[in-house]
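Participant: First the structure, which I've put down as structure tokens, then a few questions once you've had a look.
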Amino acid sequence: MTAADVLIESLIDWGVEVVFGLPGDGINGIMESLRTQQDKIRFVQVRHEEAAALMASGYAKFTGLLGVCLATSGPGGIHLLNGLYDAKLDSQPVLAITGLQFHDLIGTYTQQDVALDKLFIDVSVFNERIMGPTHVENITDLACRTAMAYRGVAHIAFPVDLQEKEVKQRQRSKRNVPHHTSDVYARSARLPDQADLERAADILNRGEKVAILAGRGALKATDQLEQAAELLAAPIVKALLGKAAVPDDSPYTTGGIGLLGTKPSQEALEDCDTLLMVGTSFPYIEFMPRLIKRAEFKLNWIPNVSGYDFRSKWAWWAIAATRCAS
């Protein structure tokens with residue numbers, strides 16, 4: 001078994017069914033492993049690496065599964081970045097696998113000697129270089145788990161000569177116990193603290209003109225959104241990625257917001273004194289209410305992003321902000 005075989009088998013163990021990519025001589029070992037296991041995992045060849053990354057991001061968005069893209073070393077890997085930033089900014093789990101030059105020629109100005117692991121630092125939540133055949137299983141499990149847990153991009157840079165090396169027990173360091181990692185994904189309960197829920201309810205109950213801004217993270221919370229709208233007498237304004245959160249003919253929605261939004265939606269945000277943001281990281285702050293006082297509570301599973309996208313069945317998992325009338 002080669003190191004590339006370990007990579008592909010690990011992906012299969014994680015439930016990966018399709019890989020988007022473009023062949024190149026910097027990933028020959030990986031391509032051969034995909035060929036020999038094509039009955040278990042499908043390779044979709046694209047015409048440009050950027051398309052592979054965009055397809056992986058789109059696949060993650062519409063299936064909820066891990067998207068995987070593959071590119072060769074040097075410029076092939078560089079071309080992935082546009083699609084990977086799409087995944088990063090839309091909080092999608094994507095694994096990018098790139099080739100790398102021969103492990104003992106890295107940094108010597110050899111052909112296509114681009115340190116892709118360094119290049120991918122900003123776009124990724126996990127980013128590592130394979131150091132040997134016995135390193136592959138550990139890194140692949142961690143890459144898949146991290147991408148899914150943090151809903152971001154993971155990157156594995158795989159030197160071309162290591163891809164075809166046989167995996168042998170004697171290659172392991174004394175601390176690297178075989179199969180000590182797991183391909184089991186554990187998702188946290190993500191239940192908000194009761195005190196946070198009570199604070200949310202208090203802010204919303206004190207609001208006289210409440211509006212709801214729903215994004216992609218609320219796509220599976222339609223019933224809860226409409227119940228909240230009914231209780232709060234609040235219109236539901238939809239960010240573009242949250243367009244399907246409630247039907248366009250719902251009596252509770254005023255439609256979209258932003259450059260492609262509606263006048264009633266804009267008026268609802270301008271006139272509200274309390275805004276409930278559900279499953280959205282809506283970036284166009286010029287369309288948002290002018291907040292003079294801001295009471296904010298974070299009930300998101302990644303607390304550093306206000307209104308971060310997530311899939312939730314609870315309409316209260318949100319950011320609420322209040323403002324004083326000017």
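Numbering starts fresh at 1 for the residues of each chain in the structure tokens, the chains themselves are lettered A, B, ... in the order given, and ligands are numbered from 1 as they appear.
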Counting only C-alpha atoms, which residues of range 167-249 of chain A fall within 6 Å of range 270-284 of chain A, and what is the closest atom pair for each with its distance in Å at one decimal, ordered by chain and rising number, as JSON lines?
Facilitator:
{"residue": "A:Gly207", "atom": "CA", "partner": "A:Thr274", "partner_atom": "CA", "distance": 5.4}
{"residue": "A:Lys209", "atom": "CA", "partner": "A:Cys272", "partner_atom": "CA", "distance": 4.8}
{"residue": "A:Val210", "atom": "CA", "partner": "A:Thr274", "partner_atom": "CA", "distance": 4.7}
{"residue": "A:Ala211", "atom": "CA", "partner": "A:Leu275", "partner_atom": "CA", "distance": 5.0}
{"residue": "A:Ile212", "atom": "CA", "partner": "A:Leu276", "partner_atom": "CA", "distance": 4.7}
{"residue": "A:Leu213", "atom": "CA", "partner": "A:Met277", "partner_atom": "CA", "distance": 4.7}
{"residue": "A:Ala214", "atom": "CA", "partner": "A:Val278", "partner_atom": "CA", "distance": 4.8}
{"residue": "A:Gly215", "atom": "CA", "partner": "A:Thr280", "partner_atom": "CA", "distance": 4.2}
{"residue": "A:Arg216", "atom": "CA", "partner": "A:Gly279", "partner_atom": "CA", "distance": 6.0}
{"residue": "A:Gly217", "atom": "CA", "partner": "A:Gly279", "partner_atom": "CA", "distance": 3.8}
{"residue": "A:Ala218", "atom": "CA", "partner": "A:Gly279", "partner_atom": "CA", "distance": 5.1}
Participant: Check range 1-190 of chain A with DSSP on the backbone and list each residue it calls strand (DSSP E), as a ChimeraX atom specification.
Facilitator: /A:18-21,42-45,67-71,94-100,124-129,153-159
Participant: Give me every helix (DSSP H, G or I) residue in range 139-282 of chain A, going by DSSP on the backbone, as a CSV table (one decimal) with N, CA, C and O atoms, in the first residue's frame.
Facilitator:
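Result written to states05.csv:
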chain,number,residue,atom,x,y,z
A,139,ILE,N,-2.8,12.9,9.5
A,139,ILE,CA,-3.1,14.2,8.9
A,139,ILE,C,-4.4,14.3,8.2
A,139,ILE,O,-5.2,15.2,8.4
A,140,THR,N,-4.7,13.2,7.5
A,140,THR,CA,-6.0,13.2,6.7
A,140,THR,C,-7.2,13.2,7.7
A,140,THR,O,-8.2,13.9,7.5
A,141,ASP,N,-7.1,12.4,8.7
A,141,ASP,CA,-8.2,12.4,9.7
A,141,ASP,C,-8.4,13.7,10.4
A,141,ASP,O,-9.5,14.2,10.5
A,142,LEU,N,-7.3,14.4,10.8
A,142,LEU,CA,-7.4,15.7,11.4
A,142,LEU,C,-7.9,16.7,10.4
A,142,LEU,O,-8.7,17.6,10.8
A,143,ALA,N,-7.5,16.7,9.2
A,143,ALA,CA,-7.9,17.6,8.2
A,143,ALA,C,-9.4,17.5,7.9
A,143,ALA,O,-10.1,18.6,7.9
A,144,CYS,N,-9.9,16.3,7.8
A,144,CYS,CA,-11.4,16.1,7.5
A,144,CYS,C,-12.2,16.6,8.8
A,144,CYS,O,-13.2,17.3,8.6
A,145,ARG,N,-11.7,16.2,9.9
A,145,ARG,CA,-12.4,16.5,11.2
A,145,ARG,C,-12.4,18.0,11.4
A,145,ARG,O,-13.5,18.6,11.8
A,146,THR,N,-11.3,18.7,11.2
A,146,THR,CA,-11.2,20.1,11.4
A,146,THR,C,-12.1,20.9,10.4
A,146,THR,O,-12.8,21.9,10.8
A,147,ALA,N,-12.0,20.5,9.2
A,147,ALA,CA,-12.9,21.2,8.2
A,147,ALA,C,-14.3,21.1,8.5
A,147,ALA,O,-15.1,22.1,8.4
A,148,MET,N,-14.8,20.0,9.0
A,148,MET,CA,-16.2,19.8,9.3
A,148,MET,C,-16.6,20.5,10.6
A,148,MET,O,-17.6,21.1,10.7
A,149,ALA,N,-15.7,20.4,11.6
A,149,ALA,CA,-16.0,20.9,12.9
A,149,ALA,C,-16.0,22.5,12.9
A,149,ALA,O,-16.9,23.1,13.5
A,150,TYR,N,-15.1,23.1,12.1
A,150,TYR,CA,-15.0,24.5,12.1
A,150,TYR,C,-15.6,25.1,10.8
A,150,TYR,O,-15.5,26.3,10.6
A,160,VAL,N,5.4,15.0,-4.1
A,160,VAL,CA,5.1,14.0,-5.1
A,160,VAL,C,5.8,12.7,-4.9
A,160,VAL,O,5.3,11.6,-5.2
A,161,ASP,N,7.1,12.7,-4.4
A,161,ASP,CA,7.8,11.4,-4.3
A,161,ASP,C,7.3,10.6,-3.1
A,161,ASP,O,7.4,9.4,-3.1
A,162,LEU,N,6.7,11.3,-2.1
A,162,LEU,CA,6.2,10.5,-1.0
A,162,LEU,C,4.8,9.8,-1.3
A,162,LEU,O,4.5,8.8,-0.6
A,163,GLN,N,4.1,10.3,-2.3
A,163,GLN,CA,2.8,9.7,-2.7
A,163,GLN,C,2.9,8.3,-3.1
A,163,GLN,O,2.1,7.4,-2.7
A,169,GLN,N,6.1,-0.5,8.4
A,169,GLN,CA,6.0,-0.3,9.9
A,169,GLN,C,7.3,0.4,10.4
A,169,GLN,O,7.3,1.2,11.3
A,170,ARG,N,8.4,0.0,9.9
A,170,ARG,CA,9.7,0.5,10.4
A,170,ARG,C,9.9,2.0,10.1
A,170,ARG,O,10.9,2.6,10.7
A,171,GLN,N,9.1,2.6,9.3
A,171,GLN,CA,9.2,4.0,9.0
A,171,GLN,C,8.7,4.9,10.1
A,171,GLN,O,9.0,6.1,10.2
A,194,GLN,N,-29.0,28.5,29.2
A,194,GLN,CA,-30.4,29.0,29.6
A,194,GLN,C,-30.4,30.5,29.9
A,194,GLN,O,-31.3,31.2,29.5
A,195,ALA,N,-29.3,31.0,30.5
A,195,ALA,CA,-29.3,32.4,30.8
A,195,ALA,C,-29.2,33.3,29.6
A,195,ALA,O,-29.8,34.4,29.5
A,196,ASP,N,-28.5,32.8,28.6
A,196,ASP,CA,-28.4,33.5,27.3
A,196,ASP,C,-29.8,33.5,26.6
A,196,ASP,O,-30.2,34.5,26.0
A,197,LEU,N,-30.5,32.4,26.7
A,197,LEU,CA,-31.8,32.4,26.1
A,197,LEU,C,-32.8,33.3,26.8
A,197,LEU,O,-33.6,34.0,26.1
A,198,GLU,N,-32.7,33.4,28.1
A,198,GLU,CA,-33.5,34.3,28.8
A,198,GLU,C,-33.2,35.8,28.5
A,198,GLU,O,-34.1,36.6,28.4
A,199,ARG,N,-31.9,36.1,28.3
A,199,ARG,CA,-31.5,37.4,28.0
A,199,ARG,C,-32.0,37.8,26.6
A,199,ARG,O,-32.4,38.9,26.3
A,200,ALA,N,-31.9,36.8,25.7
A,200,ALA,CA,-32.4,37.0,24.3
A,200,ALA,C,-33.9,37.3,24.4
A,200,ALA,O,-34.4,38.3,23.7
A,201,ALA,N,-34.7,36.5,25.1
A,201,ALA,CA,-36.1,36.7,25.2
A,201,ALA,C,-36.4,38.1,25.8
A,201,ALA,O,-37.4,38.8,25.3
A,202,ASP,N,-35.6,38.5,26.8
A,202,ASP,CA,-35.9,39.8,27.4
A,202,ASP,C,-35.7,41.0,26.4
A,202,ASP,O,-36.5,41.9,26.4
A,203,ILE,N,-34.6,40.9,25.7
A,203,ILE,CA,-34.3,41.9,24.7
A,203,ILE,C,-35.4,42.0,23.6
A,203,ILE,O,-35.9,43.0,23.2
A,204,LEU,N,-35.8,40.8,23.2
A,204,LEU,CA,-36.9,40.8,22.1
A,204,LEU,C,-38.2,41.2,22.7
A,204,LEU,O,-39.0,41.9,22.0
A,205,ASN,N,-38.5,40.9,23.9
A,205,ASN,CA,-39.8,41.3,24.5
A,205,ASN,C,-39.9,42.8,24.7
A,205,ASN,O,-40.9,43.4,24.7
A,206,ARG,N,-38.7,43.4,25.0
A,206,ARG,CA,-38.7,44.8,25.2
A,206,ARG,C,-38.8,45.6,23.9
A,206,ARG,O,-39.0,46.8,23.9
A,216,ARG,N,-28.6,31.9,5.5
A,216,ARG,CA,-28.5,30.5,5.1
A,216,ARG,C,-28.6,29.5,6.2
A,216,ARG,O,-29.1,28.4,6.1
A,217,GLY,N,-28.1,29.9,7.4
A,217,GLY,CA,-28.1,29.1,8.5
A,217,GLY,C,-29.5,28.8,9.1
A,217,GLY,O,-29.7,27.9,9.9
A,218,ALA,N,-30.5,29.5,8.6
A,218,ALA,CA,-31.9,29.3,9.0
A,218,ALA,C,-32.7,28.6,8.0
A,218,ALA,O,-34.0,28.5,8.1
A,222,THR,N,-37.7,27.0,9.1
A,222,THR,CA,-38.8,27.8,8.5
A,222,THR,C,-39.9,27.9,9.5
A,222,THR,O,-40.4,29.0,9.8
A,223,ASP,N,-40.3,26.8,10.1
A,223,ASP,CA,-41.5,26.8,11.0
A,223,ASP,C,-41.2,27.7,12.2
A,223,ASP,O,-42.0,28.5,12.7
A,224,GLN,N,-39.9,27.6,12.8
A,224,GLN,CA,-39.5,28.4,13.9
A,224,GLN,C,-39.4,29.9,13.6
A,224,GLN,O,-39.8,30.7,14.4
A,225,LEU,N,-39.0,30.2,12.4
A,225,LEU,CA,-38.9,31.6,12.0
A,225,LEU,C,-40.3,32.2,11.9
A,225,LEU,O,-40.5,33.3,12.4
A,226,GLU,N,-41.2,31.5,11.3
A,226,GLU,CA,-42.6,32.0,11.2
A,226,GLU,C,-43.3,32.1,12.6
A,226,GLU,O,-44.1,33.1,12.8
A,227,GLN,N,-43.0,31.2,13.5
A,227,GLN,CA,-43.5,31.2,14.8
A,227,GLN,C,-43.0,32.5,15.5
A,227,GLN,O,-43.7,33.2,16.2
A,228,ALA,N,-41.7,32.7,15.4
A,228,ALA,CA,-41.1,33.9,16.0
A,228,ALA,C,-41.7,35.2,15.4
A,228,ALA,O,-41.9,36.1,16.2
A,229,ALA,N,-41.8,35.2,14.1
A,229,ALA,CA,-42.4,36.4,13.5
A,229,ALA,C,-43.8,36.6,14.0
A,229,ALA,O,-44.2,37.8,14.2
A,230,GLU,N,-44.6,35.6,14.2
A,230,GLU,CA,-46.0,35.7,14.7
A,230,GLU,C,-45.9,36.3,16.1
A,230,GLU,O,-46.7,37.2,16.5
A,231,LEU,N,-45.1,35.7,17.0
A,231,LEU,CA,-45.0,36.1,18.4
A,231,LEU,C,-44.5,37.5,18.6
A,231,LEU,O,-45.0,38.3,19.4
A,232,LEU,N,-43.6,37.9,17.7
A,232,LEU,CA,-42.9,39.2,17.9
A,232,LEU,C,-43.5,40.3,17.0
A,232,LEU,O,-43.1,41.5,17.0
A,240,LEU,N,-29.6,37.1,0.9
A,240,LEU,CA,-29.6,36.4,-0.4
A,240,LEU,C,-29.5,34.8,-0.2
A,240,LEU,O,-30.3,34.1,-0.7
A,241,LEU,N,-28.5,34.4,0.6
A,241,LEU,CA,-28.4,33.0,0.9
A,241,LEU,C,-29.5,32.4,1.7
A,241,LEU,O,-29.6,31.2,1.8
A,242,GLY,N,-30.3,33.3,2.3
A,242,GLY,CA,-31.4,32.8,3.1
A,242,GLY,C,-32.8,32.9,2.4
A,242,GLY,O,-33.8,32.8,3.0
A,263,LYS,N,-37.9,47.4,-1.1
A,263,LYS,CA,-38.1,48.6,-0.3
A,263,LYS,C,-38.7,48.3,1.0
A,263,LYS,O,-38.3,48.8,2.0
A,264,PRO,N,-39.7,47.4,1.1
A,264,PRO,CA,-40.3,47.1,2.4
A,264,PRO,C,-39.2,46.5,3.4
A,264,PRO,O,-39.3,46.8,4.6
A,265,SER,N,-38.3,45.7,2.9
A,265,SER,CA,-37.3,45.1,3.7
A,265,SER,C,-36.4,46.2,4.2
A,265,SER,O,-36.0,46.2,5.4
A,266,GLN,N,-36.0,47.1,3.3
A,266,GLN,CA,-35.1,48.2,3.8
A,266,GLN,C,-35.8,49.1,4.8
A,266,GLN,O,-35.2,49.5,5.8
A,267,GLU,N,-37.0,49.4,4.6
A,267,GLU,CA,-37.8,50.2,5.6
A,267,GLU,C,-37.9,49.5,6.9
A,267,GLU,O,-37.9,50.1,8.0
A,268,ALA,N,-38.1,48.1,6.9
A,268,ALA,CA,-38.2,47.4,8.1
A,268,ALA,C,-36.9,47.5,8.9
A,268,ALA,O,-37.0,47.6,10.2
A,269,LEU,N,-35.8,47.4,8.3
A,269,LEU,CA,-34.5,47.5,9.0
A,269,LEU,C,-34.3,48.9,9.5
A,269,LEU,O,-33.7,49.1,10.5
A,270,GLU,N,-34.6,49.9,8.7
A,270,GLU,CA,-34.4,51.3,9.1
A,270,GLU,C,-35.2,51.7,10.2
A,270,GLU,O,-34.8,52.5,11.1
A,271,ASP,N,-36.5,51.1,10.3
A,271,ASP,CA,-37.4,51.6,11.3
A,271,ASP,C,-37.4,50.7,12.6
A,271,ASP,O,-38.0,51.1,13.6
Participant: Would you mind telling me which residue in A:Leu259, A:Ala244, A:Ala71, A:Ala53 lies nearest to Leu100 in chain A when using only C-alpha atoms?
Facilitator: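 Of the candidates, the smallest distance to Leu100 in chain A is held by A:Ala71.
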Participant: Given only C-alpha atoms as the basis, pick out the residue of A:Gly261, A:Pro133, A:Gly67, A:Gly24 nearest to Leu7 in chain A.
Facilitator: A:Pro133
Participant: Mind checking which residues fall within 7 Å of range 109-121 of chain A, counting only C-alpha atoms, ignoring those fewer than 6 positions away in the same chain, and posting them as a PDB file with N, CA, C and O atoms, in the first residue's frame?
Facilitator:
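The resulting file, out-v3.pdb, is reproduced below:
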ATOM      1  N   SER A  73       1.111  20.537  -7.993  1.00  0.00           N
ATOM      2  CA  SER A  73       1.990  21.476  -7.294  1.00  0.00           C
ATOM      3  C   SER A  73       2.072  22.799  -8.050  1.00  0.00           C
ATOM      4  O   SER A  73       1.619  22.931  -9.190  1.00  0.00           O
ATOM      5  N   GLY A  74       2.680  23.797  -7.418  1.00  0.00           N
ATOM      6  CA  GLY A  74       2.930  25.081  -8.060  1.00  0.00           C
ATOM      7  C   GLY A  74       1.663  25.794  -8.493  1.00  0.00           C
ATOM      8  O   GLY A  74       0.735  25.966  -7.705  1.00  0.00           O
ATOM      9  N   GLY A  77      -1.940  24.382  -7.658  1.00  0.00           N
ATOM     10  CA  GLY A  77      -2.450  24.640  -6.321  1.00  0.00           C
ATOM     11  C   GLY A  77      -2.855  26.084  -6.126  1.00  0.00           C
ATOM     12  O   GLY A  77      -3.861  26.386  -5.474  1.00  0.00           O
ATOM     13  N   GLN A 101       6.619  19.670  -4.476  1.00  0.00           N
ATOM     14  CA  GLN A 101       7.808  19.134  -5.121  1.00  0.00           C
ATOM     15  C   GLN A 101       8.467  18.031  -4.285  1.00  0.00           C
ATOM     16  O   GLN A 101       8.100  17.791  -3.131  1.00  0.00           O
ATOM     17  N   ASN A 127      -3.840  23.215   8.022  1.00  0.00           N
ATOM     18  CA  ASN A 127      -2.926  23.365   6.898  1.00  0.00           C
ATOM     19  C   ASN A 127      -1.609  22.678   7.244  1.00  0.00           C
ATOM     20  O   ASN A 127      -0.847  23.181   8.062  1.00  0.00           O
ATOM     21  N   GLU A 128      -1.375  21.508   6.634  1.00  0.00           N
ATOM     22  CA  GLU A 128      -0.174  20.755   6.979  1.00  0.00           C
ATOM     23  C   GLU A 128       0.476  20.129   5.749  1.00  0.00           C
ATOM     24  O   GLU A 128      -0.192  19.864   4.743  1.00  0.00           O
ATOM     25  N   ARG A 129       1.767  19.859   5.876  1.00  0.00           N
ATOM     26  CA  ARG A 129       2.553  19.199   4.839  1.00  0.00           C
ATOM     27  C   ARG A 129       2.836  17.764   5.274  1.00  0.00           C
ATOM     28  O   ARG A 129       3.241  17.519   6.406  1.00  0.00           O
ATOM     29  N   ALA A 157      -0.696  19.416   1.849  1.00  0.00           N
ATOM     30  CA  ALA A 157       0.321  19.496   0.798  1.00  0.00           C
ATOM     31  C   ALA A 157       1.119  18.193   0.818  1.00  0.00           C
ATOM     32  O   ALA A 157       1.668  17.812   1.847  1.00  0.00           O
TER      33      ALA A 157
END
Participant: What is the distance, in Å and to one decimal place, between CA of Val136 in chain A and CA of Thr2 in chain A?
Facilitator: 10.1 Å
Participant: Closest to Ala60 in chain A among A:Ser91, A:Ser173, A:Thr134, A:Asn82, using only C-alpha atoms?
Facilitator: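 Closest candidate: A:Ser91.
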Participant: Looking at only C-alpha atoms, which of A:Pro75, A:Gly29, A:Gly258, A:Gly83 is the one that sits closest to Gly58 in chain A?
Facilitator: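 Ranked by minimum distance to Gly58 in chain A, first place goes to A:Gly83.
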Participant: Report, in Å with one decimal, the straight-line distance from CA of Gln45 in chain A to CA of Leu70 in chain A.
Facilitator: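 Here the two named atoms are 9.6 Å from each other.
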